[in-house]
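A.B. asks: One file: my_file-v8.cif (mmCIF, C-alpha atoms; chains and numbers go by the auth columns).
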```cif
data_target
loop_
_atom_site.group_PDB
_atom_site.id
_atom_site.type_symbol
_atom_site.label_atom_id
_atom_site.label_comp_id
_atom_site.label_asym_id
_atom_site.label_seq_id
_atom_site.Cartn_x
_atom_site.Cartn_y
_atom_site.Cartn_z
_atom_site.B_iso_or_equiv
_atom_site.auth_seq_id
_atom_site.auth_asym_id
ATOM 1 C CA MET A 1 -12.051 -9.616 24.050 0.00 180 A
ATOM 2 C CA ASP A 2 -8.426 -8.573 23.572 0.00 181 A
ATOM 3 C CA LYS A 3 -7.213 -6.372 20.742 0.00 182 A
ATOM 4 C CA GLY A 4 -5.493 -9.200 18.846 0.00 183 A
ATOM 5 C CA LYS A 5 -8.628 -11.347 18.646 0.00 184 A
ATOM 6 C CA ALA A 6 -10.676 -8.344 17.591 0.00 185 A
ATOM 7 C CA ILE A 7 -8.351 -7.676 14.655 0.00 186 A
ATOM 8 C CA LEU A 8 -8.423 -11.306 13.509 0.00 187 A
ATOM 9 C CA ILE A 9 -12.224 -11.392 13.676 0.00 188 A
ATOM 10 C CA LEU A 10 -12.311 -8.208 11.638 0.00 189 A
ATOM 11 C CA VAL A 11 -10.123 -9.770 8.943 0.00 190 A
ATOM 12 C CA MET A 12 -12.239 -12.942 8.760 0.00 191 A
ATOM 13 C CA LEU A 13 -15.518 -11.040 8.596 0.00 192 A
ATOM 14 C CA CYS A 14 -14.236 -8.878 5.769 0.00 193 A
ATOM 15 C CA GLY A 15 -13.175 -11.967 3.838 0.00 194 A
ATOM 16 C CA LEU A 16 -16.487 -13.764 4.375 0.00 195 A
ATOM 17 C CA PHE A 17 -18.816 -10.942 3.535 0.00 196 A
ATOM 18 C CA GLY A 18 -16.806 -9.279 0.784 0.00 197 A
ATOM 19 C CA TYR A 19 -16.861 -5.831 2.284 0.00 198 A
ATOM 20 C CA GLY A 20 -20.617 -5.525 1.973 0.00 199 A
ATOM 21 C CA ALA A 21 -20.791 -2.787 4.569 0.00 200 A
ATOM 22 C CA TYR A 22 -17.931 -0.859 3.037 0.00 201 A
ATOM 23 C CA GLN A 23 -19.375 -1.067 -0.465 0.00 202 A
ATOM 24 C CA GLN A 24 -22.655 0.344 0.775 0.00 203 A
ATOM 25 C CA GLN A 25 -20.824 3.223 2.414 0.00 204 A
ATOM 26 C CA ALA A 26 -18.667 3.734 -0.673 0.00 205 A
ATOM 27 C CA ALA A 27 -21.761 4.477 -2.730 0.00 206 A
ATOM 28 C CA ASN A 28 -21.608 8.021 -1.375 0.00 207 A
ATOM 29 C CA ALA A 29 -17.825 8.288 -1.575 0.00 208 A
ATOM 30 C CA PRO A 30 -15.834 10.159 -4.255 0.00 209 A
ATOM 31 C CA PRO A 31 -15.862 8.417 -7.646 0.00 210 A
ATOM 32 C CA ALA A 32 -13.341 5.664 -8.196 0.00 211 A
ATOM 33 C CA PRO A 33 -10.470 6.448 -10.580 0.00 212 A
ATOM 34 C CA PRO A 34 -11.036 5.587 -14.225 0.00 213 A
ATOM 35 C CA THR A 35 -9.486 2.347 -15.417 0.00 214 A
ATOM 36 C CA PRO A 36 -7.803 2.232 -18.846 0.00 215 A
ATOM 37 C CA PRO A 37 -8.439 -0.780 -21.079 0.00 216 A
ATOM 38 C CA ALA A 38 -7.147 -4.060 -19.677 0.00 217 A
ATOM 39 C CA GLY A 39 -3.780 -5.242 -20.895 0.00 218 A
ATOM 40 C CA GLU A 40 -2.033 -1.860 -20.941 0.00 219 A
ATOM 41 C CA GLN A 41 0.075 -2.767 -17.907 0.00 220 A
ATOM 42 C CA PRO A 42 2.319 -5.812 -17.398 0.00 221 A
ATOM 43 C CA PRO A 43 1.097 -8.705 -15.239 0.00 222 A
ATOM 44 C CA PRO A 44 2.170 -9.022 -11.578 0.00 223 A
ATOM 45 C CA ASP A 45 5.914 -9.447 -11.186 0.00 224 A
ATOM 46 C CA PRO A 46 6.893 -12.400 -8.929 0.00 225 A
ATOM 47 C CA ALA A 47 10.360 -10.869 -8.582 0.00 226 A
ATOM 48 C CA ALA A 48 8.950 -8.543 -5.914 0.00 227 A
ATOM 49 C CA LYS A 49 9.218 -11.459 -3.496 0.00 228 A
ATOM 50 C CA GLN A 50 12.994 -10.930 -3.451 0.00 229 A
ATOM 51 C CA PHE A 51 12.431 -8.250 -0.793 0.00 230 A
ATOM 52 C CA GLU A 52 10.754 -10.608 1.683 0.00 231 A
ATOM 53 C CA GLY A 53 12.569 -11.398 4.906 0.00 232 A
ATOM 54 C CA LYS A 54 14.931 -8.441 4.478 0.00 233 A
ATOM 55 C CA PRO A 55 14.991 -4.925 5.955 0.00 234 A
ATOM 56 C CA LEU A 56 13.298 -2.246 3.872 0.00 235 A
ATOM 57 C CA PRO A 57 15.895 -1.771 1.102 0.00 236 A
ATOM 58 C CA VAL A 58 15.492 2.003 0.702 0.00 237 A
ATOM 59 C CA THR A 59 15.261 5.124 2.851 0.00 238 A
ATOM 60 C CA TRP A 60 14.043 8.558 1.849 0.00 239 A
ATOM 61 C CA ASN A 61 14.255 12.231 2.761 0.00 240 A
ATOM 62 C CA ILE A 62 11.419 13.983 0.965 0.00 241 A
ATOM 63 C CA GLY A 63 10.572 17.599 1.807 0.00 242 A
ATOM 64 C CA LYS A 64 7.219 18.767 3.174 0.00 243 A
ATOM 65 C CA ALA A 65 6.131 20.357 -0.113 0.00 244 A
ATOM 66 C CA GLN A 66 6.242 16.924 -1.737 0.00 245 A
ATOM 67 C CA TRP A 67 3.784 15.326 0.718 0.00 246 A
ATOM 68 C CA MET A 68 0.007 15.317 1.028 0.00 247 A
ATOM 69 C CA ASN A 69 -2.390 14.108 3.755 0.00 248 A
ATOM 70 C CA THR A 70 0.162 14.560 6.533 0.00 249 A
ATOM 71 C CA ALA A 71 1.111 17.531 8.708 0.00 250 A
ATOM 72 C CA LYS A 72 4.817 16.732 8.354 0.00 251 A
ATOM 73 C CA PRO A 73 6.946 14.442 6.196 0.00 252 A
ATOM 74 C CA VAL A 74 6.856 10.768 7.127 0.00 253 A
ATOM 75 C CA ALA A 75 10.437 9.657 7.786 0.00 254 A
ATOM 76 C CA PRO A 76 11.589 6.023 7.734 0.00 255 A
ATOM 77 C CA GLY A 77 12.246 6.313 11.481 0.00 256 A
ATOM 78 C CA ASP A 78 8.550 7.074 12.049 0.00 257 A
ATOM 79 C CA LEU A 79 7.773 3.493 11.028 0.00 258 A
ATOM 80 C CA LYS A 80 10.071 1.960 13.643 0.00 259 A
ATOM 81 C CA GLY A 81 8.164 -0.524 15.773 0.00 260 A
ATOM 82 C CA GLN A 82 5.086 -0.161 13.566 0.00 261 A
ATOM 83 C CA VAL A 83 3.268 -2.374 11.084 0.00 262 A
ATOM 84 C CA ALA A 84 3.325 -0.512 7.769 0.00 263 A
ATOM 85 C CA LEU A 85 2.028 -0.865 4.234 0.00 264 A
ATOM 86 C CA ILE A 86 4.160 0.917 1.634 0.00 265 A
ATOM 87 C CA GLU A 87 2.974 1.392 -1.928 0.00 266 A
ATOM 88 C CA PHE A 88 4.788 2.578 -5.047 0.00 267 A
ATOM 89 C CA PHE A 89 2.324 3.589 -7.751 0.00 268 A
ATOM 90 C CA ARG A 90 1.563 5.833 -10.734 0.00 269 A
ATOM 91 C CA VAL A 91 -1.709 7.705 -11.201 0.00 270 A
ATOM 92 C CA GLU A 92 -1.947 6.687 -14.871 0.00 271 A
ATOM 93 C CA CYS A 93 -1.214 2.985 -14.219 0.00 272 A
ATOM 94 C CA SER A 94 -4.373 0.883 -14.634 0.00 273 A
ATOM 95 C CA HIS A 95 -3.396 -1.684 -11.960 0.00 274 A
ATOM 96 C CA CYS A 96 -2.640 1.176 -9.559 0.00 275 A
ATOM 97 C CA GLN A 97 -6.051 2.704 -10.185 0.00 276 A
ATOM 98 C CA GLU A 98 -7.707 -0.658 -9.572 0.00 277 A
ATOM 99 C CA ALA A 99 -5.856 -0.902 -6.241 0.00 278 A
ATOM 100 C CA VAL A 100 -7.113 2.448 -4.903 0.00 279 A
ATOM 101 C CA PRO A 101 -10.335 1.047 -3.320 0.00 280 A
ATOM 102 C CA PHE A 102 -8.272 -1.678 -1.633 0.00 281 A
ATOM 103 C CA MET A 103 -5.788 0.839 -0.220 0.00 282 A
ATOM 104 C CA LYS A 104 -8.682 2.939 1.089 0.00 283 A
ATOM 105 C CA ASP A 105 -10.188 -0.218 2.634 0.00 284 A
ATOM 106 C CA MET A 106 -6.905 -0.954 4.416 0.00 285 A
ATOM 107 C CA GLN A 107 -6.809 2.563 5.841 0.00 286 A
ATOM 108 C CA GLN A 108 -10.406 2.342 7.021 0.00 287 A
ATOM 109 C CA MET A 109 -10.092 -1.153 8.516 0.00 288 A
ATOM 110 C CA PHE A 110 -6.664 -1.038 10.099 0.00 289 A
ATOM 111 C CA GLY A 111 -5.665 2.614 10.502 0.00 290 A
ATOM 112 C CA SER A 112 -7.251 2.853 13.941 0.00 291 A
ATOM 113 C CA HIS A 113 -5.486 -0.395 14.931 0.00 292 A
ATOM 114 C CA GLY A 114 -2.044 1.040 14.226 0.00 293 A
ATOM 115 C CA LEU A 115 -1.360 0.339 10.534 0.00 294 A
ATOM 116 C CA LYS A 116 0.798 3.033 8.930 0.00 295 A
ATOM 117 C CA ILE A 117 0.245 3.526 5.203 0.00 296 A
ATOM 118 C CA VAL A 118 2.730 5.445 3.077 0.00 297 A
ATOM 119 C CA ALA A 119 2.433 5.714 -0.704 0.00 298 A
ATOM 120 C CA PHE A 120 4.861 7.104 -3.257 0.00 299 A
ATOM 121 C CA GLN A 121 3.871 8.488 -6.643 0.00 300 A
ATOM 122 C CA SER A 122 6.748 7.425 -8.918 0.00 301 A
ATOM 123 C CA PRO A 123 6.139 9.210 -12.223 0.00 302 A
ATOM 124 C CA SER A 124 6.714 7.964 -15.730 0.00 303 A
ATOM 125 C CA ASP A 125 9.192 10.011 -17.750 0.00 304 A
ATOM 126 C CA GLY A 126 6.726 10.016 -20.623 0.00 305 A
ATOM 127 C CA SER A 127 3.799 11.496 -18.687 0.00 306 A
ATOM 128 C CA GLU A 128 3.585 15.248 -18.161 0.00 307 A
ATOM 129 C CA LYS A 129 0.658 14.785 -15.766 0.00 308 A
ATOM 130 C CA GLU A 130 2.516 12.296 -13.575 0.00 309 A
ATOM 131 C CA ARG A 131 5.512 14.628 -13.336 0.00 310 A
ATOM 132 C CA ASP A 132 3.290 17.506 -12.163 0.00 311 A
ATOM 133 C CA TRP A 133 2.828 17.079 -8.397 0.00 312 A
ATOM 134 C CA LYS A 134 -0.063 19.568 -8.277 0.00 313 A
ATOM 135 C CA GLN A 135 -1.992 17.598 -10.878 0.00 314 A
ATOM 136 C CA VAL A 136 -1.261 14.351 -9.079 0.00 315 A
ATOM 137 C CA GLN A 137 -2.545 15.749 -5.777 0.00 316 A
ATOM 138 C CA SER A 138 -5.703 16.998 -7.459 0.00 317 A
ATOM 139 C CA GLU A 139 -6.351 13.562 -8.938 0.00 318 A
ATOM 140 C CA LEU A 140 -5.789 11.768 -5.632 0.00 319 A
ATOM 141 C CA ARG A 141 -8.188 14.126 -3.858 0.00 320 A
ATOM 142 C CA LYS A 142 -10.856 13.311 -6.448 0.00 321 A
ATOM 143 C CA TRP A 143 -10.334 9.626 -5.645 0.00 322 A
ATOM 144 C CA GLY A 144 -10.770 10.242 -1.925 0.00 323 A
ATOM 145 C CA VAL A 145 -7.252 9.169 -0.910 0.00 324 A
ATOM 146 C CA LYS A 146 -6.625 10.078 2.751 0.00 325 A
ATOM 147 C CA TYR A 147 -3.363 8.289 3.644 0.00 326 A
ATOM 148 C CA PRO A 148 0.043 10.017 3.293 0.00 327 A
ATOM 149 C CA VAL A 149 1.390 10.219 -0.246 0.00 328 A
ATOM 150 C CA ALA A 150 4.796 11.555 -1.305 0.00 329 A
ATOM 151 C CA PHE A 151 6.160 12.566 -4.692 0.00 330 A
ATOM 152 C CA ASP A 152 9.053 10.332 -5.754 0.00 331 A
ATOM 153 C CA ALA A 153 10.538 12.876 -8.160 0.00 332 A
ATOM 154 C CA LYS A 154 12.164 11.366 -11.258 0.00 333 A
ATOM 155 C CA ARG A 155 11.237 7.928 -9.856 0.00 334 A
ATOM 156 C CA ALA A 156 14.504 8.005 -7.906 0.00 335 A
ATOM 157 C CA LEU A 157 13.251 6.024 -4.902 0.00 336 A
ATOM 158 C CA PHE A 158 11.564 3.308 -6.939 0.00 337 A
ATOM 159 C CA THR A 159 14.712 2.977 -9.060 0.00 338 A
ATOM 160 C CA ARG A 160 16.875 2.532 -5.956 0.00 339 A
ATOM 161 C CA LEU A 161 14.410 -0.052 -4.710 0.00 340 A
ATOM 162 C CA GLY A 162 14.899 -2.035 -7.889 0.00 341 A
ATOM 163 C CA GLY A 163 11.158 -2.230 -8.509 0.00 342 A
ATOM 164 C CA LYS A 164 9.880 -3.273 -11.907 0.00 343 A
ATOM 165 C CA THR A 165 6.069 -3.295 -11.860 0.00 344 A
ATOM 166 C CA PHE A 166 3.383 -0.938 -10.545 0.00 345 A
ATOM 167 C CA PRO A 167 1.914 -0.981 -8.052 0.00 346 A
ATOM 168 C CA THR A 168 4.488 -2.558 -5.747 0.00 347 A
ATOM 169 C CA LEU A 169 3.283 -3.076 -2.162 0.00 348 A
ATOM 170 C CA LEU A 170 5.452 -3.954 0.826 0.00 349 A
ATOM 171 C CA VAL A 171 4.140 -5.054 4.222 0.00 350 A
ATOM 172 C CA ILE A 172 6.655 -4.089 6.929 0.00 351 A
ATOM 173 C CA ASP A 173 6.633 -5.743 10.361 0.00 352 A
ATOM 174 C CA ARG A 174 7.517 -4.131 13.692 0.00 353 A
ATOM 175 C CA SER A 175 11.166 -5.174 13.336 0.00 354 A
ATOM 176 C CA GLY A 176 11.453 -3.231 10.069 0.00 355 A
ATOM 177 C CA LYS A 177 11.570 -6.293 7.814 0.00 356 A
ATOM 178 C CA VAL A 178 9.534 -6.850 4.670 0.00 357 A
ATOM 179 C CA ARG A 179 7.060 -9.619 5.476 0.00 358 A
ATOM 180 C CA LEU A 180 5.171 -9.596 2.195 0.00 359 A
ATOM 181 C CA ALA A 181 5.966 -8.013 -1.167 0.00 360 A
ATOM 182 C CA ARG A 182 3.578 -8.026 -4.111 0.00 361 A
ATOM 183 C CA SER A 183 3.325 -6.182 -7.422 0.00 362 A
ATOM 184 C CA GLY A 184 0.465 -5.680 -9.825 0.00 363 A
ATOM 185 C CA HIS A 185 -3.064 -6.063 -8.503 0.00 364 A
ATOM 186 C CA SER A 186 -5.434 -9.002 -7.982 0.00 365 A
ATOM 187 C CA SER A 187 -7.991 -10.183 -5.429 0.00 366 A
ATOM 188 C CA GLU A 188 -5.568 -12.932 -4.364 0.00 367 A
ATOM 189 C CA GLU A 189 -2.869 -10.361 -3.586 0.00 368 A
ATOM 190 C CA GLU A 190 -5.406 -8.231 -1.701 0.00 369 A
ATOM 191 C CA ASN A 191 -6.299 -11.213 0.507 0.00 370 A
ATOM 192 C CA GLU A 192 -2.639 -12.033 1.185 0.00 371 A
ATOM 193 C CA ILE A 193 -1.860 -8.458 2.208 0.00 372 A
ATOM 194 C CA ARG A 194 -5.008 -8.081 4.296 0.00 373 A
ATOM 195 C CA GLN A 195 -4.428 -11.318 6.214 0.00 374 A
ATOM 196 C CA THR A 196 -0.725 -10.621 6.794 0.00 375 A
ATOM 197 C CA VAL A 197 -1.411 -7.118 8.099 0.00 376 A
ATOM 198 C CA GLY A 198 -4.193 -8.373 10.382 0.00 377 A
ATOM 199 C CA GLN A 199 -1.998 -11.074 11.864 0.00 378 A
ATOM 200 C CA LEU A 200 0.965 -8.756 12.396 0.00 379 A
ATOM 201 C CA LEU A 201 -1.217 -6.167 14.120 0.00 380 A
ATOM 202 C CA SER A 202 -2.689 -8.846 16.398 0.00 381 A
ATOM 203 C CA GLY A 203 0.794 -9.999 17.388 0.00 382 A
ATOM 204 C CA MET A 204 0.454 -13.364 15.636 0.00 383 A
ATOM 205 C CA GLU A 205 2.934 -14.707 13.106 0.00 384 A
ATOM 206 C CA PRO A 206 1.397 -15.152 9.627 0.00 385 A
ATOM 207 C CA PRO A 207 1.314 -18.869 8.638 0.00 386 A
ATOM 208 C CA GLY A 208 4.741 -20.124 7.590 0.00 387 A
ATOM 209 C CA GLU A 209 6.547 -17.097 9.022 0.00 388 A
ATOM 210 C CA GLU A 210 7.433 -18.274 12.501 0.00 389 A
ATOM 211 C CA ASN A 211 10.589 -16.721 13.930 0.00 390 A
ATOM 212 C CA GLY A 212 10.467 -13.973 11.341 0.00 391 A
ATOM 213 C CA LYS A 213 11.169 -16.248 8.378 0.00 392 A
ATOM 214 C CA PRO A 214 9.047 -15.732 5.248 0.00 393 A
ATOM 215 C CA PRO A 215 7.395 -18.770 3.641 0.00 394 A
ATOM 216 C CA GLN A 216 9.514 -20.658 1.128 0.00 395 A
#
```
Translate this file's structure into structure tokens.
C.D. replies:
Amino acid sequence: MDKGKAILILVMLCGLFGYGAYQQQAANAPPAPPTPPAGEQPPPDPAAKQFEGKPLPVTWNIGKAQWMNTAKPVAPGDLKGQVALIEFFRVECSHCQEAVPFMKDMQQMFGSHGLKIVAFQSPSDGSEKERDWKQVQSELRKWGVKYPVAFDAKRALFTRLGGKTFPTLLVIDRSGKVRLARSGHSSEEENEIRQTVGQLLSGMEPPGEENGKPPQ
């Protein structure tokens, strides 16, 4: 069986069985982040779709001291020719906390197949904890986050992106274009991201995206 078919089968099995195997394994994993009362964060922002079909609208140059879970800073050029999942989040955002198990799932399922995950902590001006990179790293370690995370000091990168809602997730194809952009967190968005990543890694065009064009 070739690699592409194996990835697609993996995606379908995960959808059918609801991550039963992973949930059993997760029972012994670090505790999930606490979730504040529902309603504290805005609903998903459909405006994130404005990024689809376009090159990644921002670049970054973040020093080594502002990274965790990587031996050296991840530069935009490191993603060239790769399928990538980029997340902008805040540790005190309830939707972001709810998305942590999903992000860990993506790393576990697709990391060995070539998916590159890069996350950026974009702090709130009103949160002392979020502006303290050491505290943020400590929190992410408690949650068992293993993929590279960088500190977006003063939320400069997210502001340049023009993002509005946390978390914002961008799926980048091998040509460097944004294939899928979603904000907030829901099971429907998880499925969209999972399926798109699986199809891009297998070399197949996601439905409605032939010739690199995003669905209308």
A.B. asks: In Å to one decimal, how far is CA of Gln229 (chain A) from CA of Pro302 (chain A)?
C.D. replies: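 Result for CA of Pro302 (chain A) versus CA of Gln229 (chain A): 23.0 Å, one decimal.
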A.B. asks: Suppose you want the space between CA of Glu369 (chain A) and CA of Val270 (chain A); what is it in Å?
C.D. replies: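 Taking CA of Glu369 (chain A) and CA of Val270 (chain A), their separation equals 18.9 Å.
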A.B. asks: Written as a ChimeraX atom specification, which residues does the PyMOL selection byres ((chain A and resi 352-360) around 7) give for the file shown?
C.D. replies: /A:227-228,230-235,259-263,348-351,361,379,393
A.B. asks: Hey, can you spit out that residue selection with C-alpha atoms as a short mmCIF file (atom, residue, chain, number, x, y, z; two decimals), in the frame of the given file?
C.D. replies:
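As a result, selection_33.cif now contains:
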```cif
data_model
loop_
_atom_site.label_atom_id
_atom_site.label_comp_id
_atom_site.auth_asym_id
_atom_site.auth_seq_id
_atom_site.Cartn_x
_atom_site.Cartn_y
_atom_site.Cartn_z
CA ALA A 227 8.95 -8.54 -5.91
CA LYS A 228 9.22 -11.46 -3.50
CA PHE A 230 12.43 -8.25 -0.79
CA GLU A 231 10.75 -10.61 1.68
CA GLY A 232 12.57 -11.40 4.91
CA LYS A 233 14.93 -8.44 4.48
CA PRO A 234 14.99 -4.92 5.96
CA LEU A 235 13.30 -2.25 3.87
CA LYS A 259 10.07 1.96 13.64
CA GLY A 260 8.16 -0.52 15.77
CA GLN A 261 5.09 -0.16 13.57
CA VAL A 262 3.27 -2.37 11.08
CA ALA A 263 3.32 -0.51 7.77
CA LEU A 348 3.28 -3.08 -2.16
CA LEU A 349 5.45 -3.95 0.83
CA VAL A 350 4.14 -5.05 4.22
CA ILE A 351 6.66 -4.09 6.93
CA ARG A 361 3.58 -8.03 -4.11
CA LEU A 379 0.96 -8.76 12.40
CA PRO A 393 9.05 -15.73 5.25
#
```
A.B. asks: In Å, with one decimal, what is the gap from CA of Ala250 (chain A) to CA of Val297 (chain A)?
C.D. replies: 13.4 Å
A.B. asks: I need the output of the PyMOL selection byres ((chain A and resi 330) around 8) for this file as number ranges by chain; which residues are they?
C.D. replies: A: 241, 245-246, 299-301, 312, 328-329, 331-332
A.B. asks: Pick out the residues sitting within 9 Å of Glu318 (chain A), and hand them over as a list in words; count all atoms listed in the file, and ignore anything fewer than 4 positions along from it in its own chain.
C.D. replies: Pro212, Val270, Lys313, Gln314, Trp322 and Gly323 of chain A
A.B. asks: Report the residues retrieved by the PyMOL selection byres ((chain A and resi 275) around 10) from the displayed file, expressed as a PyMOL selection string.
C.D. replies: chain A and resi 212+214+220+266-274+276-280+282+345-347+362-364
A.B. asks: Smallest atom-to-atom distance to Lys333 (chain A): which of A:Glu368, A:Asp311, A:Asp257, A:Asp304, using only C-alpha atoms?
C.D. replies: A:Asp304
A.B. asks: Name the closest residue to Met285 (chain A) among the candidates A:Arg339, A:Lys321, A:Lys251, A:Arg373; distances are taken between atoms, counting only C-alpha atoms.
C.D. replies: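 Result for the nearest residue to Met285 (chain A): A:Arg373.
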A.B. asks: Using only C-alpha atoms, find the one residue out of A:Val253, A:Leu294, A:Ala226, A:Ile372 that sits nearest to Pro327 (chain A).
C.D. replies: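 Checking each of A:Val253, A:Leu294, A:Ala226, A:Ile372 against Pro327 (chain A), counting only C-alpha atoms, the winner is A:Val253.
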A.B. asks: Could you pull the residues within 8 Å of Tyr326 (chain A), counting all atoms listed in the file, minus those fewer than 5 positions along the same chain, as an NGL selection string?
C.D. replies: :A and (248-249 or 283 or 286 or 296-298)
A.B. asks: What are the centre and the three edge lengths of an axis-aligned box that wraps all atoms of region 293-310 of chain A in the file, given that 4 Å is added to every side, written as JSON and rounded to one decimal in Å?
C.D. replies:
```
{"center_x": 3.6, "center_y": 7.8, "center_z": -3.2, "size_x": 19.2, "size_y": 22.9, "size_z": 42.8}
```
A.B. asks: Hey, what's within 8 Å of region 254-256 of chain A if we count all atoms listed in the file and toss same-chain stuff fewer than 5 positions away? As a PyMOL selection string, please?
C.D. replies: chain A and resi 238-240
A.B. asks: Considering all atoms listed in the file, state which residue in the set A:Glu309, A:Val324, A:Ala244, A:Glu384 is at the smallest distance from Phe281 (chain A).
C.D. replies: A:Val324
